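Visitor: Contents are TSV, C-alpha atoms and all ligand atoms; file name my_file-v1.tsv:
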```tsv
chain	number	residue	atom	x	y	z
A	1	MET	CA	-2.38	37.77	-24.68
A	2	GLN	CA	-0.65	35.26	-22.37
A	3	ARG	CA	-2.16	31.82	-22.09
A	4	GLY	CA	-1.54	29.33	-19.30
A	5	ALA	CA	2.00	27.96	-19.46
A	6	LYS	CA	0.54	24.48	-19.75
A	7	ALA	CA	-1.52	25.07	-22.92
A	8	GLY	CA	-0.76	22.45	-25.57
A	9	LYS	CA	0.55	23.34	-29.01
A	10	LYS	CA	-2.75	22.60	-30.73
A	11	THR	CA	-4.47	24.95	-28.29
A	12	LEU	CA	-1.85	27.60	-29.00
A	13	ILE	CA	-2.16	27.48	-32.78
A	14	THR	CA	-5.91	27.79	-32.36
A	15	HIS	CA	-5.92	30.75	-29.97
A	16	ALA	CA	-2.59	32.60	-30.04
A	17	GLY	CA	-2.33	35.99	-31.73
A	18	ARG	CA	-6.02	36.83	-31.94
A	19	ASP	CA	-8.46	38.70	-29.75
A	20	PRO	CA	-11.99	38.58	-31.23
A	21	HIS	CA	-13.56	40.91	-28.67
A	22	ALA	CA	-11.14	43.67	-29.59
A	23	ASN	CA	-12.69	43.40	-33.06
A	24	HIS	CA	-16.50	43.26	-32.67
A	25	GLY	CA	-16.36	39.53	-31.90
A	26	VAL	CA	-15.05	38.66	-35.37
A	27	VAL	CA	-13.05	35.44	-35.01
A	28	ASN	CA	-10.10	36.28	-37.29
A	29	PRO	CA	-7.95	39.42	-36.92
A	30	PRO	CA	-8.72	42.15	-39.46
A	31	VAL	CA	-6.45	42.82	-42.45
A	32	TYR	CA	-4.90	46.28	-42.29
A	33	HIS	CA	-3.75	47.64	-45.65
A	34	ALA	CA	-1.46	50.49	-44.71
A	35	SER	CA	1.58	52.47	-45.67
A	36	THR	CA	0.72	55.79	-44.01
A	37	ILE	CA	-0.39	55.65	-40.38
A	38	LEU	CA	-1.69	59.02	-39.12
A	39	LYS	CA	-1.17	60.53	-35.66
A	40	PRO	CA	-3.77	62.94	-34.24
A	41	SER	CA	-1.35	65.44	-32.64
A	42	LEU	CA	2.25	66.55	-32.42
A	43	ASP	CA	2.48	64.85	-29.02
A	44	ALA	CA	1.27	61.56	-30.43
A	45	LEU	CA	3.57	61.86	-33.45
A	46	GLU	CA	6.60	62.46	-31.26
A	47	ALA	CA	5.60	59.64	-28.91
A	48	SER	CA	5.39	57.25	-31.86
A	49	ARG	CA	8.96	57.98	-32.97
A	50	LYS	CA	10.56	55.34	-30.83
A	51	PRO	CA	13.45	53.29	-32.16
A	52	ASP	CA	11.78	50.05	-31.10
A	53	PHE	CA	8.92	48.34	-32.89
A	54	THR	CA	6.16	48.84	-30.35
A	55	GLY	CA	3.23	50.86	-31.61
A	56	PHE	CA	2.48	51.53	-35.26
A	57	ARG	CA	3.98	54.33	-37.30
A	58	TYR	CA	4.55	53.13	-40.87
A	59	GLY	CA	3.41	50.12	-42.88
A	60	ARG	CA	6.91	48.78	-43.46
A	61	ARG	CA	7.46	48.57	-39.69
A	62	GLY	CA	4.37	46.37	-39.33
A	63	THR	CA	0.65	46.76	-38.68
A	64	PRO	CA	-1.68	44.98	-36.24
A	65	THR	CA	-2.03	42.30	-38.96
A	66	THR	CA	1.74	41.74	-38.85
A	67	ARG	CA	1.86	41.64	-35.07
A	68	SER	CA	-1.01	39.17	-34.68
A	69	PHE	CA	0.78	36.68	-36.93
A	70	GLU	CA	4.11	37.25	-35.20
A	71	GLU	CA	2.58	36.89	-31.73
A	72	ALA	CA	0.97	33.60	-32.69
A	73	VAL	CA	4.25	32.12	-33.96
A	74	ALA	CA	6.29	33.37	-30.98
A	75	GLU	CA	3.78	31.94	-28.54
A	76	LEU	CA	3.73	28.61	-30.36
A	77	TYR	CA	7.53	28.41	-30.01
A	78	GLY	CA	7.33	29.55	-26.38
A	79	VAL	CA	9.69	32.53	-26.88
A	80	GLU	CA	9.34	36.30	-26.94
A	81	SER	CA	9.92	37.29	-30.54
A	82	ALA	CA	8.92	36.38	-34.09
A	83	VAL	CA	9.54	38.63	-37.09
A	84	ALA	CA	7.68	38.05	-40.36
A	85	VAL	CA	9.67	38.56	-43.57
A	86	SER	CA	8.96	38.25	-47.28
A	87	SER	CA	10.19	34.66	-47.83
A	88	GLY	CA	11.90	31.74	-46.15
A	89	LEU	CA	15.16	32.72	-47.80
A	90	ALA	CA	14.80	36.28	-46.50
A	91	ALA	CA	14.41	34.81	-43.00
A	92	ILE	CA	17.64	32.82	-43.45
A	93	CYS	CA	19.65	35.77	-44.81
A	94	CYS	CA	18.37	38.29	-42.25
A	95	ALA	CA	18.92	35.89	-39.34
A	96	ILE	CA	22.55	35.31	-40.36
A	97	LEU	CA	23.16	39.01	-41.10
A	98	SER	CA	21.80	39.95	-37.68
A	99	GLN	CA	24.70	38.05	-36.05
A	100	VAL	CA	27.81	38.69	-38.16
A	101	SER	CA	30.22	41.52	-39.04
A	102	ALA	CA	33.30	41.73	-41.29
A	103	GLY	CA	36.03	39.43	-39.96
A	104	ASP	CA	33.59	36.91	-38.48
A	105	HIS	CA	33.32	33.25	-39.36
A	106	ILE	CA	30.28	31.03	-39.74
A	107	LEU	CA	29.95	27.23	-39.78
A	108	ILE	CA	27.20	25.59	-41.83
A	109	THR	CA	25.96	22.01	-42.23
A	110	ASP	CA	26.98	20.53	-45.58
A	111	ASN	CA	23.45	19.25	-46.40
A	112	VAL	CA	21.90	22.70	-46.11
A	113	TYR	CA	19.17	24.19	-48.33
A	114	PHE	CA	21.09	25.23	-51.44
A	115	PRO	CA	20.30	28.99	-51.47
A	116	THR	CA	21.57	29.15	-47.86
A	117	ARG	CA	24.87	27.71	-49.07
A	118	LYS	CA	25.03	30.28	-51.88
A	119	PHE	CA	24.27	33.18	-49.56
A	120	ALA	CA	26.71	32.25	-46.82
A	121	GLY	CA	29.40	30.65	-48.93
A	122	GLY	CA	29.41	33.11	-51.84
A	123	PHE	CA	27.54	36.35	-51.25
A	124	LEU	CA	28.61	36.97	-47.65
A	125	GLU	CA	32.28	36.56	-48.56
A	126	ARG	CA	32.14	39.93	-50.34
A	127	PHE	CA	31.48	41.50	-46.95
A	128	GLY	CA	34.38	39.80	-45.21
A	129	VAL	CA	32.45	36.98	-43.54
A	130	GLU	CA	34.00	33.58	-44.05
A	131	ALA	CA	31.90	30.41	-44.21
A	132	THR	CA	33.06	26.83	-43.60
A	133	PHE	CA	30.87	23.79	-44.18
A	134	PHE	CA	30.96	20.76	-41.89
A	135	ASP	CA	29.58	17.22	-41.80
A	136	PRO	CA	26.43	17.54	-39.65
A	137	MET	CA	26.67	13.88	-38.60
A	138	LYS	CA	30.12	14.40	-37.01
A	139	PRO	CA	29.96	16.73	-34.00
A	140	GLU	CA	33.70	16.10	-33.55
A	141	ASP	CA	34.29	17.89	-36.89
A	142	LEU	CA	32.43	20.95	-35.61
A	143	ALA	CA	34.53	20.92	-32.43
A	144	GLU	CA	37.66	20.91	-34.57
A	145	LEU	CA	36.55	23.64	-37.02
A	146	ILE	CA	35.06	26.14	-34.59
A	147	ARG	CA	37.24	29.20	-33.86
A	148	PRO	CA	37.15	32.20	-31.54
A	149	GLU	CA	35.77	34.34	-34.40
A	150	THR	CA	32.97	31.85	-35.21
A	151	LYS	CA	29.78	33.80	-34.52
A	152	VAL	CA	27.18	31.47	-35.99
A	153	VAL	CA	26.69	27.72	-36.22
A	154	TYR	CA	23.93	27.20	-38.77
A	155	LEU	CA	21.93	23.95	-38.75
A	156	GLU	CA	19.14	22.38	-40.74
A	157	ALA	CA	17.55	19.13	-39.56
A	158	PRO	CA	16.80	16.96	-41.36
A	159	GLY	CA	19.11	17.86	-44.28
A	160	THR	CA	17.58	19.25	-47.46
A	161	MET	CA	16.79	16.50	-50.01
A	162	THR	CA	18.79	13.83	-48.10
A	163	PHE	CA	17.14	13.87	-44.63
A	164	GLU	CA	20.08	13.05	-42.35
A	165	VAL	CA	19.06	14.04	-38.81
A	166	CYS	CA	21.91	15.70	-36.94
A	167	ASP	CA	22.36	15.82	-33.17
A	168	VAL	CA	21.15	19.38	-32.53
A	169	PRO	CA	21.81	19.42	-28.75
A	170	ALA	CA	25.37	18.09	-29.20
A	171	LEU	CA	26.17	20.61	-31.97
A	172	ALA	CA	24.54	23.46	-30.01
A	173	SER	CA	26.58	22.71	-26.93
A	174	ILE	CA	29.85	22.84	-28.93
A	175	ALA	CA	28.73	26.16	-30.46
A	176	HIS	CA	27.80	27.63	-27.08
A	177	GLU	CA	31.14	26.67	-25.53
A	178	GLN	CA	32.72	29.06	-28.05
A	179	GLY	CA	30.03	31.71	-27.59
A	180	ALA	CA	28.54	31.18	-31.08
A	181	THR	CA	24.84	31.64	-31.83
A	182	VAL	CA	22.94	28.59	-33.13
A	183	ILE	CA	20.56	29.32	-36.00
A	184	MET	CA	18.37	26.47	-37.25
A	185	ASP	CA	16.11	26.06	-40.27
A	186	ASN	CA	13.11	24.25	-38.75
A	187	THR	CA	10.86	24.34	-41.82
A	188	TRP	CA	10.53	20.54	-42.03
A	189	ALA	CA	9.45	19.79	-38.45
A	190	THR	CA	7.86	23.14	-37.53
A	191	ALA	CA	7.25	24.11	-33.90
A	192	LEU	CA	4.84	21.18	-33.64
A	193	TYR	CA	7.39	18.40	-34.20
A	194	PHE	CA	10.65	19.87	-32.94
A	195	ASP	CA	11.14	21.98	-29.84
A	196	ALA	CA	14.14	23.85	-31.24
A	197	PHE	CA	14.65	26.19	-28.27
A	198	GLY	CA	14.43	23.26	-25.84
A	199	HIS	CA	17.25	21.59	-27.79
A	200	GLY	CA	19.72	24.47	-27.64
A	201	VAL	CA	18.80	26.55	-30.71
A	202	ASP	CA	19.00	30.35	-30.30
A	203	ILE	CA	17.29	31.53	-33.49
A	204	VAL	CA	14.79	29.56	-35.59
A	205	VAL	CA	14.03	30.34	-39.21
A	206	GLU	CA	11.07	28.85	-41.00
A	207	ALA	CA	9.76	29.12	-44.53
A	208	VAL	CA	6.14	30.07	-43.77
A	209	THR	CA	5.65	29.34	-47.49
A	210	LYS	CA	5.64	25.63	-46.59
A	211	TYR	CA	3.59	24.18	-43.70
A	212	ILE	CA	2.36	27.30	-41.92
A	213	CYS	CA	0.79	28.66	-45.08
A	214	GLY	CA	0.00	25.14	-46.27
A	215	HIS	CA	-1.83	26.00	-49.50
A	216	SER	CA	0.95	26.75	-52.03
A	217	ASP	CA	-0.18	30.35	-52.47
A	218	VAL	CA	1.99	32.51	-50.18
A	219	MET	CA	5.70	33.41	-50.00
A	220	MET	CA	6.73	34.28	-46.44
A	221	GLY	CA	9.30	33.55	-43.78
A	222	VAL	CA	9.64	34.04	-40.04
A	223	ILE	CA	12.59	34.52	-37.66
A	224	VAL	CA	11.89	33.38	-34.10
A	225	SER	CA	14.05	34.12	-31.07
A	226	LYS	CA	14.27	34.93	-27.40
A	227	ASP	CA	14.46	38.56	-26.29
A	228	ALA	CA	18.28	38.58	-26.36
A	229	GLN	CA	18.43	38.41	-30.18
A	230	ALA	CA	15.14	40.13	-30.97
A	231	ALA	CA	16.37	43.72	-31.38
A	232	ALA	CA	19.27	42.78	-33.67
A	233	ILE	CA	16.91	40.72	-35.84
A	234	ARG	CA	14.26	43.47	-36.08
A	235	ASP	CA	16.92	46.06	-36.94
A	236	THR	CA	18.45	43.85	-39.64
A	237	VAL	CA	15.08	43.09	-41.22
A	238	PHE	CA	14.26	46.82	-41.12
A	239	MET	CA	17.58	47.82	-42.71
A	240	GLN	CA	16.91	45.37	-45.55
A	241	GLY	CA	13.59	47.12	-46.15
A	242	ASN	CA	11.98	43.73	-45.74
A	243	CYS	CA	8.29	43.39	-44.90
A	244	SER	CA	5.30	41.17	-45.71
A	245	GLY	CA	2.03	42.15	-47.37
A	246	PRO	CA	-1.22	42.22	-45.38
A	247	ASP	CA	-3.12	39.65	-47.43
A	248	ASP	CA	-0.20	37.21	-47.25
A	249	LEU	CA	0.02	37.71	-43.49
A	250	TYR	CA	-3.69	36.98	-43.24
A	251	LEU	CA	-3.39	33.80	-45.32
A	252	ALA	CA	-0.37	32.66	-43.31
A	253	GLN	CA	-2.24	33.11	-40.06
A	254	ARG	CA	-5.26	31.34	-41.46
A	255	GLY	CA	-3.02	28.45	-42.55
A	256	LEU	CA	-1.45	28.27	-39.10
A	257	ARG	CA	-4.83	27.50	-37.47
A	258	THR	CA	-5.12	24.15	-39.26
A	259	MET	CA	-1.45	23.21	-39.37
A	260	ALA	CA	-1.69	20.46	-36.73
A	261	VAL	CA	-4.40	18.48	-38.53
A	262	ARG	CA	-2.80	18.97	-41.94
A	263	LEU	CA	0.64	17.99	-40.69
A	264	ALA	CA	-0.68	14.84	-39.02
A	265	GLU	CA	-2.29	13.76	-42.31
A	266	ASN	CA	0.80	14.72	-44.38
A	267	GLU	CA	2.83	12.65	-41.91
A	268	ARG	CA	0.52	9.63	-42.08
A	269	ASN	CA	0.48	9.60	-45.89
A	270	ALA	CA	4.25	10.15	-46.15
A	271	LEU	CA	5.01	7.32	-43.76
A	272	ALA	CA	2.64	4.95	-45.57
A	273	LEU	CA	4.28	5.82	-48.92
A	274	ALA	CA	7.79	5.55	-47.47
A	275	LYS	CA	7.09	2.06	-46.05
A	276	TRP	CA	5.45	0.95	-49.28
A	277	LEU	CA	8.36	2.26	-51.36
A	278	SER	CA	10.93	0.58	-49.12
A	279	GLU	CA	9.48	-2.80	-50.16
A	280	ARG	CA	9.51	-2.10	-53.89
A	281	PRO	CA	12.17	-3.89	-55.97
A	282	GLU	CA	12.73	-0.71	-58.06
A	283	VAL	CA	13.76	1.24	-54.93
A	284	ASP	CA	17.27	1.18	-53.51
A	285	ARG	CA	16.71	3.03	-50.24
A	286	VAL	CA	14.16	5.30	-48.56
A	287	LEU	CA	15.39	8.43	-46.75
A	288	HIS	CA	12.66	9.16	-44.22
A	289	PRO	CA	13.72	10.11	-40.67
A	290	ALA	CA	11.11	7.78	-39.13
A	291	LEU	CA	12.63	4.73	-40.89
A	292	PRO	CA	15.86	3.02	-39.74
A	293	SER	CA	17.27	3.30	-43.30
A	294	CYS	CA	17.69	7.08	-42.77
A	295	PRO	CA	20.96	8.34	-41.20
A	296	GLY	CA	20.17	9.88	-37.83
A	297	HIS	CA	16.94	7.89	-37.36
A	298	GLU	CA	17.84	7.23	-33.69
A	299	ILE	CA	18.38	10.95	-33.10
A	300	TRP	CA	15.04	11.73	-34.74
A	301	LYS	CA	13.39	9.24	-32.36
A	302	ARG	CA	15.07	10.86	-29.37
A	303	ASP	CA	14.50	14.54	-30.23
A	304	PHE	CA	11.53	14.92	-32.58
A	305	THR	CA	7.85	14.35	-31.82
A	306	GLY	CA	6.77	13.70	-35.40
A	307	ALA	CA	7.77	13.59	-39.05
A	308	SER	CA	6.23	15.81	-41.68
A	309	GLY	CA	5.19	14.93	-45.22
A	310	LEU	CA	8.54	15.34	-46.99
A	311	PHE	CA	11.03	12.53	-47.67
A	312	SER	CA	13.21	11.13	-50.44
A	313	PHE	CA	13.91	7.75	-51.98
A	314	LEU	CA	16.59	6.40	-54.27
A	315	LEU	CA	15.66	4.49	-57.37
A	316	LYS	CA	17.94	1.74	-58.60
A	317	PRO	CA	19.95	3.07	-61.57
A	318	LEU	CA	17.74	3.59	-64.63
A	319	SER	CA	17.85	5.39	-67.97
A	320	ARG	CA	16.71	8.98	-68.40
A	321	ALA	CA	13.92	7.75	-70.68
A	322	ALA	CA	12.69	5.41	-67.93
A	323	LEU	CA	12.85	8.21	-65.36
A	324	ALA	CA	10.90	10.50	-67.69
A	325	ALA	CA	8.30	7.77	-68.29
A	326	PHE	CA	7.90	7.37	-64.52
A	327	LEU	CA	7.58	11.09	-63.77
A	328	ASP	CA	5.71	12.40	-66.81
A	329	GLY	CA	2.78	10.04	-66.44
A	330	LEU	CA	2.05	10.73	-62.76
A	331	GLU	CA	-1.49	11.94	-62.24
A	332	TYR	CA	-1.52	13.25	-58.67
A	333	TYR	CA	2.08	14.30	-58.02
A	334	GLY	CA	2.91	17.75	-59.32
A	335	MET	CA	6.48	18.37	-60.41
A	336	GLY	CA	7.77	21.65	-59.05
A	337	ALA	CA	9.64	23.46	-56.33
A	338	SER	CA	8.41	24.04	-52.77
A	339	TRP	CA	6.27	21.79	-50.58
A	340	GLY	CA	4.06	21.91	-47.49
A	341	GLY	CA	0.78	22.42	-49.35
A	342	TYR	CA	-2.31	20.20	-49.36
A	343	GLU	CA	-1.23	18.54	-52.63
A	344	SER	CA	1.39	15.92	-53.44
A	345	LEU	CA	4.63	16.76	-55.24
A	346	ILE	CA	7.63	14.91	-56.63
A	347	LEU	CA	11.03	16.33	-57.55
A	348	PRO	CA	14.28	14.76	-58.79
A	349	GLY	CA	17.41	15.96	-57.00
A	350	ASP	CA	21.19	15.73	-57.32
A	351	PRO	CA	22.71	16.03	-53.82
A	352	ALA	CA	26.28	15.47	-55.07
A	353	ALA	CA	26.21	18.85	-56.83
A	354	ALA	CA	25.40	20.68	-53.59
A	355	ARG	CA	28.08	19.31	-51.22
A	356	THR	CA	31.66	20.24	-50.55
A	357	VAL	CA	32.89	18.38	-47.43
A	358	THR	CA	30.78	15.21	-47.44
A	359	THR	CA	30.48	12.82	-50.35
A	360	TRP	CA	27.34	11.58	-52.03
A	361	ASN	CA	28.04	8.61	-54.25
A	362	GLU	CA	24.67	6.88	-54.43
A	363	PRO	CA	24.37	5.51	-57.96
A	364	GLY	CA	20.58	5.79	-58.19
A	365	GLN	CA	18.35	8.76	-58.93
A	366	LEU	CA	17.04	10.61	-55.86
A	367	LEU	CA	13.37	11.59	-55.88
A	368	ARG	CA	11.82	13.78	-53.19
A	369	ILE	CA	8.15	13.35	-52.39
A	370	HIS	CA	5.84	15.69	-50.57
A	371	ALA	CA	2.83	13.65	-49.47
A	372	GLY	CA	-0.33	15.71	-49.74
A	373	LEU	CA	-3.77	15.13	-48.30
A	374	GLU	CA	-5.10	12.84	-51.06
A	375	ASP	CA	-6.28	9.27	-50.39
A	376	VAL	CA	-3.10	7.31	-49.87
A	377	THR	CA	-4.37	4.37	-51.96
A	378	ASP	CA	-4.51	6.71	-54.96
A	379	LEU	CA	-1.03	8.03	-54.22
A	380	LYS	CA	0.34	4.47	-54.11
A	381	ALA	CA	-1.53	3.42	-57.25
A	382	ASP	CA	-0.11	6.43	-59.10
A	383	LEU	CA	3.47	5.44	-58.22
A	384	ASP	CA	2.69	1.80	-58.97
A	385	ALA	CA	1.57	2.74	-62.50
A	386	GLY	CA	4.83	4.70	-62.84
A	387	PHE	CA	6.84	1.59	-61.96
A	388	GLU	CA	4.88	-0.32	-64.62
A	389	ARG	CA	5.88	2.31	-67.19
A	390	ILE	CA	9.54	1.77	-66.21
A	391	ALA	CA	9.14	-2.00	-66.57
A	392	ALA	CA	7.48	-1.58	-69.99
A	393	LEU	CA	10.62	0.21	-71.26
A	394	ALA	CA	13.06	-2.43	-70.01
A	401	LIG	C1	11.71	26.36	-49.31
A	401	LIG	C2	12.71	26.36	-48.23
A	401	LIG	C3	13.26	27.56	-47.78
A	401	LIG	C4	13.01	28.87	-48.46
A	401	LIG	O1	11.69	29.33	-48.37
A	401	LIG	P1	11.12	30.33	-49.47
A	401	LIG	O2	9.88	30.85	-48.85
A	401	LIG	O3	10.90	29.50	-50.71
A	401	LIG	O4	12.15	31.39	-49.69
A	401	LIG	C5	14.12	27.50	-46.71
A	401	LIG	N1	14.46	26.35	-46.12
A	401	LIG	C6	13.95	25.17	-46.54
A	401	LIG	C7	14.36	23.93	-45.84
A	401	LIG	C8	13.08	25.14	-47.62
A	401	LIG	O5	12.62	23.97	-48.05
```
Once you've parsed the file, please lay out its structure as structure tokens.
Ligand SMILES: *Cc1c(COP(=O)(O)O)cnc(C)c1O
Guide:
Amino acid sequence: MQRGAKAGKKTLITHAGRDPHANHGVVNPPVYHASTILKPSLDALEASRKPDFTGFRYGRRGTPTTRSFEEAVAELYGVESAVAVSSGLAAICCAILSQVSAGDHILITDNVYFPTRKFAGGFLERFGVEATFFDPMKPEDLAELIRPETKVVYLEAPGTMTFEVCDVPALASIAHEQGATVIMDNTWATALYFDAFGHGVDIVVEAVTKYICGHSDVMMGVIVSKDAQAAAIRDTVFMQGNCSGPDDLYLAQRGLRTMAVRLAENERNALALAKWLSERPEVDRVLHPALPSCPGHEIWKRDFTGASGLFSFLLKPLSRAALAAFLDGLEYYGMGASWGGYESLILPGDPAAARTVTTWNEPGQLLRIHAGLEDVTDLKADLDAGFERIAALA
């Protein structure tokens, strides 16, 4: 269903990808559990055997449940294609694989999500694809490193754990001059806060697991692109045997409908915590793209329309016992991987271990916070009590 070109993003996430009157007036699309999909005649069977992915012929190739989710995401991004896959990492791997062959080269930002680094820098090498990492904050480095055989420039903004915001349009224009495809992990900002295609990106990957799902109970990813890349992406996903389950697709679509209000609240709480932390004597620096203390803050202001709920801060150097006392006593912040749900999380990180061409020599411990939807006064009080536990050990 095509909506008016002027529909706002909140209107799109509310209406895209569903058609109640094709389903007895029921508001949400039905959940189709299917492997086998029957055809009533030889003619219909033969007609369904098209190499493309229109129509429905087998569960792995997608059902109406798959397509309604994919249509909603594609329409939200304002492009033709979205392909749902089994996780955010699957989206990353399939997107890269759809663009490279043996002998090709790929360039990747040095502050990238760590499994992306492992896939491109280690695993892909076995298949004759070479990966080079570059400093995302120095477009001149990209210009120097790019080669005729570079097929992909892979970006993530802001950087995982450390939140530097790179100049996506500048990097994309260098990539395009050499004919390379720009793939970007847009999990942090989502379609609501960063218009990736409007800033020169060719293929967007998102961990649906995070903000689209929003409830910490689904693993899923999505690869979004214009028509030009759509067939190669679909084929690659198909040849990996990758597909998503119907109940997960339903939950992801249900999460999508409320993403704008959740994200706005995650953003408000995160910003309040980031500002509060930046004034604490125990804190060395806050890495939140909306604060001037974050590298690339000016670029964030220019290119992004919001910040989500995820940011990091650096504690002044402290003992492991003090760090444990701070973390172990927290009441509302869960300690664990992932983010984007309704609940707050905290996670220690070690960026130095995940870099090869940029240096990270901050002396203090990095902690990443995902601000959930709790009352922010409680979230502050919880951290405040943690700082008191540190002081009690000194
Ligand atoms: C979590 C995450 C992913 C991977 O998503 P999964 O669904 O966990 O595989 C990719 N990119 C970023 C930035 C992430 O934070």
Visitor: Go through A:Val129, A:Ala307, A:Val85, A:Ala322 one by one, measure the shortest atom-to-atom distance of each to ligand LIG 401 (chain A) using all atoms listed in the file, and give the residue with the smallest value.
Guide: A:Val85
Visitor: Each residue of chain A lying at most 10 Å from ligand LIG 401 (chain A) should get a row with its shortest atom-to-atom pair and the distance in Å to one decimal, counting only C-alpha atoms and all ligand atoms; could you produce that, ordered by chain and increasing number, as JSON lines?
Guide:
```
{"residue": "A:Val85", "atom": "CA", "partner": "A:LIG401", "partner_atom": "O2", "distance": 9.3}
{"residue": "A:Ser86", "atom": "CA", "partner": "A:LIG401", "partner_atom": "O2", "distance": 7.6}
{"residue": "A:Ser87", "atom": "CA", "partner": "A:LIG401", "partner_atom": "O2", "distance": 4.0}
{"residue": "A:Gly88", "atom": "CA", "partner": "A:LIG401", "partner_atom": "O1", "distance": 3.3}
{"residue": "A:Leu89", "atom": "CA", "partner": "A:LIG401", "partner_atom": "O4", "distance": 3.8}
{"residue": "A:Ala90", "atom": "CA", "partner": "A:LIG401", "partner_atom": "O4", "distance": 6.4}
{"residue": "A:Ala91", "atom": "CA", "partner": "A:LIG401", "partner_atom": "O4", "distance": 7.8}
{"residue": "A:Ile92", "atom": "CA", "partner": "A:LIG401", "partner_atom": "C5", "distance": 7.2}
{"residue": "A:Cys93", "atom": "CA", "partner": "A:LIG401", "partner_atom": "O4", "distance": 10.0}
{"residue": "A:Val112", "atom": "CA", "partner": "A:LIG401", "partner_atom": "C7", "distance": 7.6}
{"residue": "A:Tyr113", "atom": "CA", "partner": "A:LIG401", "partner_atom": "C7", "distance": 5.4}
{"residue": "A:Phe114", "atom": "CA", "partner": "A:LIG401", "partner_atom": "N1", "distance": 8.6}
{"residue": "A:Pro115", "atom": "CA", "partner": "A:LIG401", "partner_atom": "C4", "distance": 7.9}
{"residue": "A:Thr116", "atom": "CA", "partner": "A:LIG401", "partner_atom": "C5", "distance": 7.7}
{"residue": "A:Glu156", "atom": "CA", "partner": "A:LIG401", "partner_atom": "C7", "distance": 7.2}
{"residue": "A:Ala157", "atom": "CA", "partner": "A:LIG401", "partner_atom": "C7", "distance": 8.5}
{"residue": "A:Pro158", "atom": "CA", "partner": "A:LIG401", "partner_atom": "C7", "distance": 8.6}
{"residue": "A:Gly159", "atom": "CA", "partner": "A:LIG401", "partner_atom": "C7", "distance": 7.9}
{"residue": "A:Thr160", "atom": "CA", "partner": "A:LIG401", "partner_atom": "C7", "distance": 5.9}
{"residue": "A:Met161", "atom": "CA", "partner": "A:LIG401", "partner_atom": "O5", "distance": 8.8}
{"residue": "A:Met184", "atom": "CA", "partner": "A:LIG401", "partner_atom": "N1", "distance": 9.7}
{"residue": "A:Asp185", "atom": "CA", "partner": "A:LIG401", "partner_atom": "N1", "distance": 6.1}
{"residue": "A:Asn186", "atom": "CA", "partner": "A:LIG401", "partner_atom": "C7", "distance": 7.2}
{"residue": "A:Thr187", "atom": "CA", "partner": "A:LIG401", "partner_atom": "C7", "distance": 5.3}
{"residue": "A:Trp188", "atom": "CA", "partner": "A:LIG401", "partner_atom": "C7", "distance": 6.4}
{"residue": "A:Ala189", "atom": "CA", "partner": "A:LIG401", "partner_atom": "C7", "distance": 9.8}
{"residue": "A:Val205", "atom": "CA", "partner": "A:LIG401", "partner_atom": "N1", "distance": 8.0}
{"residue": "A:Glu206", "atom": "CA", "partner": "A:LIG401", "partner_atom": "C5", "distance": 6.6}
{"residue": "A:Ala207", "atom": "CA", "partner": "A:LIG401", "partner_atom": "O1", "distance": 4.3}
{"residue": "A:Val208", "atom": "CA", "partner": "A:LIG401", "partner_atom": "O2", "distance": 6.4}
{"residue": "A:Thr209", "atom": "CA", "partner": "A:LIG401", "partner_atom": "O2", "distance": 4.7}
{"residue": "A:Lys210", "atom": "CA", "partner": "A:LIG401", "partner_atom": "C1", "distance": 6.7}
{"residue": "A:Val218", "atom": "CA", "partner": "A:LIG401", "partner_atom": "O2", "distance": 8.2}
{"residue": "A:Met219", "atom": "CA", "partner": "A:LIG401", "partner_atom": "O2", "distance": 5.0}
{"residue": "A:Met220", "atom": "CA", "partner": "A:LIG401", "partner_atom": "O2", "distance": 5.2}
{"residue": "A:Gly221", "atom": "CA", "partner": "A:LIG401", "partner_atom": "O2", "distance": 5.8}
{"residue": "A:Val222", "atom": "CA", "partner": "A:LIG401", "partner_atom": "O2", "distance": 9.4}
{"residue": "A:Leu310", "atom": "CA", "partner": "A:LIG401", "partner_atom": "O5", "distance": 9.6}
{"residue": "A:Ala337", "atom": "CA", "partner": "A:LIG401", "partner_atom": "C1", "distance": 7.9}
{"residue": "A:Ser338", "atom": "CA", "partner": "A:LIG401", "partner_atom": "C1", "distance": 5.3}
{"residue": "A:Trp339", "atom": "CA", "partner": "A:LIG401", "partner_atom": "O5", "distance": 7.2}
{"residue": "A:Gly340", "atom": "CA", "partner": "A:LIG401", "partner_atom": "O5", "distance": 8.8}
```
Visitor: Can you list, as an NGL selection string, every protein, DNA or RNA residue that comes within 10 Å of range 363-374 of chain A when you count all atoms listed in the file, leaving out same-chain residues fewer than 2 positions away?
Guide: :A and (160-162 or 262-274 or 283-287 or 308-320 or 323 or 327 or 332-335 or 338-351 or 360-361 or 376-379)
Visitor: Just to confirm, what's the straight-line distance from CA of Gly55 in chain A to CA of Ser35 in chain A in Å (one decimal)?
Guide: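 One can read the CA of Gly55 in chain A to CA of Ser35 in chain A distance as 14.2 Å.
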Visitor: Do a neighbour search on Tyr32 in chain A at 10 Å with only C-alpha atoms, toss out local chain neighbours closer than 5 positions, and write the hits as an NGL selection string.
Guide: :A and (59 or 62-66 or 245-247 or 249-250)
Visitor: Create the file for the chosen residues now, containing C-alpha atoms and written as a compact mmCIF listing (two decimals), in the frame of the given file.
Guide:
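The resulting file, part.txt, is reproduced below:
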```txt
# COMPACT_ATOMS: atom_id res chain seq x y z
CA GLY A 59 3.41 50.12 -42.88
CA GLY A 62 4.37 46.37 -39.33
CA THR A 63 0.65 46.76 -38.68
CA PRO A 64 -1.68 44.98 -36.24
CA THR A 65 -2.03 42.30 -38.96
CA THR A 66 1.74 41.74 -38.85
CA GLY A 245 2.03 42.15 -47.37
CA PRO A 246 -1.22 42.22 -45.38
CA ASP A 247 -3.12 39.65 -47.43
CA LEU A 249 0.02 37.71 -43.49
CA TYR A 250 -3.69 36.98 -43.24
```
